[in-house]
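These notes are about the structure you will find just below.
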Amino acid sequence: LQYMSGFGNEHVSEDPRCPGALPEGQNNPQVCPYGLYAEQLSGSAFTCPRPTNKRSWLYRILPSVCHKPFKPVEEGHLTHNWDEVEPDPNQLRWKPFEIPKAPWSKLDFVSGLHTLCGAGEPRGRNGIAVHIFVCNTSMINRCLYNSDGDFLIVPQQGKLLITTEFGKMLVEPNEICVIQQGMRFSVEVFGETRGYILEVYGAHFELPDLGPIGANGLANPRDFLVPVAWYEDRQVPGGYTVISKYQGKLFAAQQDFSPFNVVAWHGNYTPYKYHLEKFMVINSVAFDHADPSIFTVLTAKSTRPGVAVADFVIFPPRWGVANNTFRPPYYHRNCMSEFMGLIKGHYEAKEEGFQPGGASLHSMMTPHGPDADCFEKASKAKLEPERVAEGTMAFMFESSLSLAVTKWGLQTSNHLDKNYYKCWEPLKSHFNPNCK
């Protein structure tokens, strides 16, 4: 597979089987090369300022309008109903979510979507949802597009071969990809597969501002990869199913050809992927902690300066060298919601209980922090340069919204760790008024 590099770049691509498929000097000629149809995909309002204006032009064998009417289909455990159960402010942790065994229960990417928590709603174009996907079979003659927002996909087990209208991407654990609003895609898997999805309504992901860090650091724009044009001119007499996620519900339409028939395209509104090992870590080299915002890979901004609808934050391998400092994450009560997942290894503040493929949610103003064992060890450890989180990759979806947990998350999944609170019970007082 081939890719082009650069975050938010103006890219041009055409399948080498049809050289010259991109029109020269204009977007919508009277007759396109090779008899193709021109179609614009808009990711922003026409009138957005140029720095935030997103659109791509696709040159395809048939336009995407050629389909039968959409009809509702069963959405399974996909929801945006945040009132299914009563609110729960407790610290929540889930054991690794189970992947059904094929062939007893065949699930592809769409049928394997399970909504865990979220806030807001897609019709108002403000909010987020966190989904878990578990699947064991590929999508055959069907694709999905999200009318409600962007999908940030974090595979944890198994690789994903994602075919999009813009080309193909292979996304493996420790990589992420973003499929932006309206982009059609199909997912091929190679066995039991699991991961996490952050869905954002009404805003697109962007690179965080660097401020005093300067021009370089964190996730560098050149490390983001965009697929190159690839098309298939394939008839599907039995019917190809196009699934739309629209206002939180699923709808399906039939057509008799593959939607991945884009021969060439140009624009700045594309799917993309990124390898988390390429993140340039910024860290304290004297004393105390910098806040975890220094580990932000991507952000979806709100209308309030400095406040995100959602941040995607990682905790990669790095050196810890801070002097006279309790080095694990500090105890914390936050005005933001913190959802955490683990791709591999052991998270530094919770070496037991928090496992790859599981998750935790620390809701708004609910206290959290290192377990008792971690606190005792770190309080007595010899402070010398050490590698932190070696062989590990934990991440956080952080949001300014107060997240509600679904009935599936609290009850149906049967993976909620009801003993989570006990990891803090052994914490004891070390207070001595006679010892400063």
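Residue numbering restarts at 1 in every chain; chains get A, B, ... in the order shown in the structure tokens, and ligands count up from 1 in that same order.
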
Please report, as JSON lines, each residue of segment 99-164 of chain A lying at most 9 Å from segment 307-320 of chain A, together with the nearest pair of atoms and the separation in Å rounded to one decimal; use only C-alpha atoms, and order rows by chain and ascending residue number.
{"residue": "A:Asn126", "atom": "CA", "partner": "A:Val309", "partner_atom": "CA", "distance": 8.2}
{"residue": "A:Gly127", "atom": "CA", "partner": "A:Val309", "partner_atom": "CA", "distance": 7.1}
{"residue": "A:Ile128", "atom": "CA", "partner": "A:Ala310", "partner_atom": "CA", "distance": 7.5}
{"residue": "A:Leu152", "atom": "CA", "partner": "A:Phe312", "partner_atom": "CA", "distance": 8.8}

File dump, residues just selected, N, CA, C and O atoms, as a PDB file, in the first residue's frame:
ATOM      1  N   ASN A 126     -23.408  18.605  18.252  1.00  0.00           N
ATOM      2  CA  ASN A 126     -22.513  18.871  19.383  1.00  0.00           C
ATOM      3  C   ASN A 126     -22.538  17.663  20.305  1.00  0.00           C
ATOM      4  O   ASN A 126     -23.587  17.294  20.829  1.00  0.00           O
ATOM      5  N   GLY A 127     -21.392  17.043  20.490  1.00  0.00           N
ATOM      6  CA  GLY A 127     -21.328  15.901  21.387  1.00  0.00           C
ATOM      7  C   GLY A 127     -20.312  14.889  20.923  1.00  0.00           C
ATOM      8  O   GLY A 127     -19.647  15.063  19.890  1.00  0.00           O
ATOM      9  N   ILE A 128     -20.193  13.822  21.715  1.00  0.00           N
ATOM     10  CA  ILE A 128     -19.280  12.737  21.376  1.00  0.00           C
ATOM     11  C   ILE A 128     -19.922  11.415  21.795  1.00  0.00           C
ATOM     12  O   ILE A 128     -20.880  11.384  22.576  1.00  0.00           O
ATOM     13  N   LEU A 152     -12.687   8.385  15.083  1.00  0.00           N
ATOM     14  CA  LEU A 152     -11.271   8.147  15.352  1.00  0.00           C
ATOM     15  C   LEU A 152     -11.175   6.703  15.845  1.00  0.00           C
ATOM     16  O   LEU A 152     -11.708   6.372  16.902  1.00  0.00           O
TER      17      LEU A 152
END

Worksheet item: Among segment 207-416 of chain A, which residues carry a DSSP assignment of helix (DSSP H, G or I), reported as a PyMOL selection string?
Response: chain A and resi 211-213+221-223+276-278+292-295+372-380+407-412

Can you write just those residues out, C-alpha atoms, as a CSV table (one decimal), in the first residue's frame?
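As a result, result_11.csv now contains:
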chain,number,residue,atom,x,y,z
A,211,GLY,CA,2.5,27.6,22.0
A,212,PRO,CA,5.8,27.9,23.8
A,213,ILE,CA,6.9,24.4,22.7
A,221,PRO,CA,2.2,16.8,10.4
A,222,ARG,CA,4.4,14.9,8.0
A,223,ASP,CA,3.8,11.6,9.9
A,276,LEU,CA,1.7,6.4,17.7
A,277,GLU,CA,5.4,5.5,17.9
A,278,LYS,CA,6.2,8.6,15.9
A,292,PRO,CA,-1.2,15.3,30.5
A,293,SER,CA,-2.3,17.7,27.8
A,294,ILE,CA,1.4,17.6,26.6
A,295,PHE,CA,0.6,14.2,25.3
A,372,ALA,CA,-2.3,1.9,46.8
A,373,ASP,CA,0.4,-0.4,45.6
A,374,CYS,CA,1.6,2.1,43.1
A,375,PHE,CA,1.6,4.9,45.7
A,376,GLU,CA,3.7,2.9,48.2
A,377,LYS,CA,6.3,1.8,45.6
A,378,ALA,CA,6.7,5.3,44.0
A,379,SER,CA,6.9,7.0,47.4
A,380,LYS,CA,9.9,4.8,48.3
A,407,LYS,CA,-27.2,0.3,29.6
A,408,TRP,CA,-24.9,-2.0,27.6
A,409,GLY,CA,-21.8,-0.5,29.4
A,410,LEU,CA,-23.3,-0.8,32.9
A,411,GLN,CA,-25.3,-4.0,32.5
A,412,THR,CA,-25.6,-5.9,29.3

Item to complete: Return as an MDAnalysis selection string the full set of residues in segment 104-171 of chain A whose backbone-based DSSP assignment is strand (DSSP E).
Response: chainID A and resid 113:121 126:135 142:146 149:157 160:164 167:171

Discussion item. Can you tell me which residues surround Phe166 of chain A at a distance of at most 7 Å, considering only C-alpha atoms, apart from same-chain residues fewer than 2 positions away, and format the answer as a VMD selection string?
Written reply: chain A and resid 164 227 to 230 262

Worksheet item: Contacts of Phe109 of chain A at 9 Å or less, counting only C-alpha atoms, minus same-chain residues fewer than 5 places along, as a list in words?
Response: Phe133, Val134, Cys135, Asn136, Thr137, Ser138, Met139, Ser186, Val187, Glu188, Val189 and Thr193 of chain A

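Between Asp148 of chain A and the residues A:Ala21, A:Leu170, A:Ala129, A:Met4, the shortest atom-to-atom distance, using only C-alpha atoms, involves A:Ala129.
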
Response to the item:
Computed gap from atom CA of His11 of chain A to atom CA of Trp265 of chain A is 8.2 Å
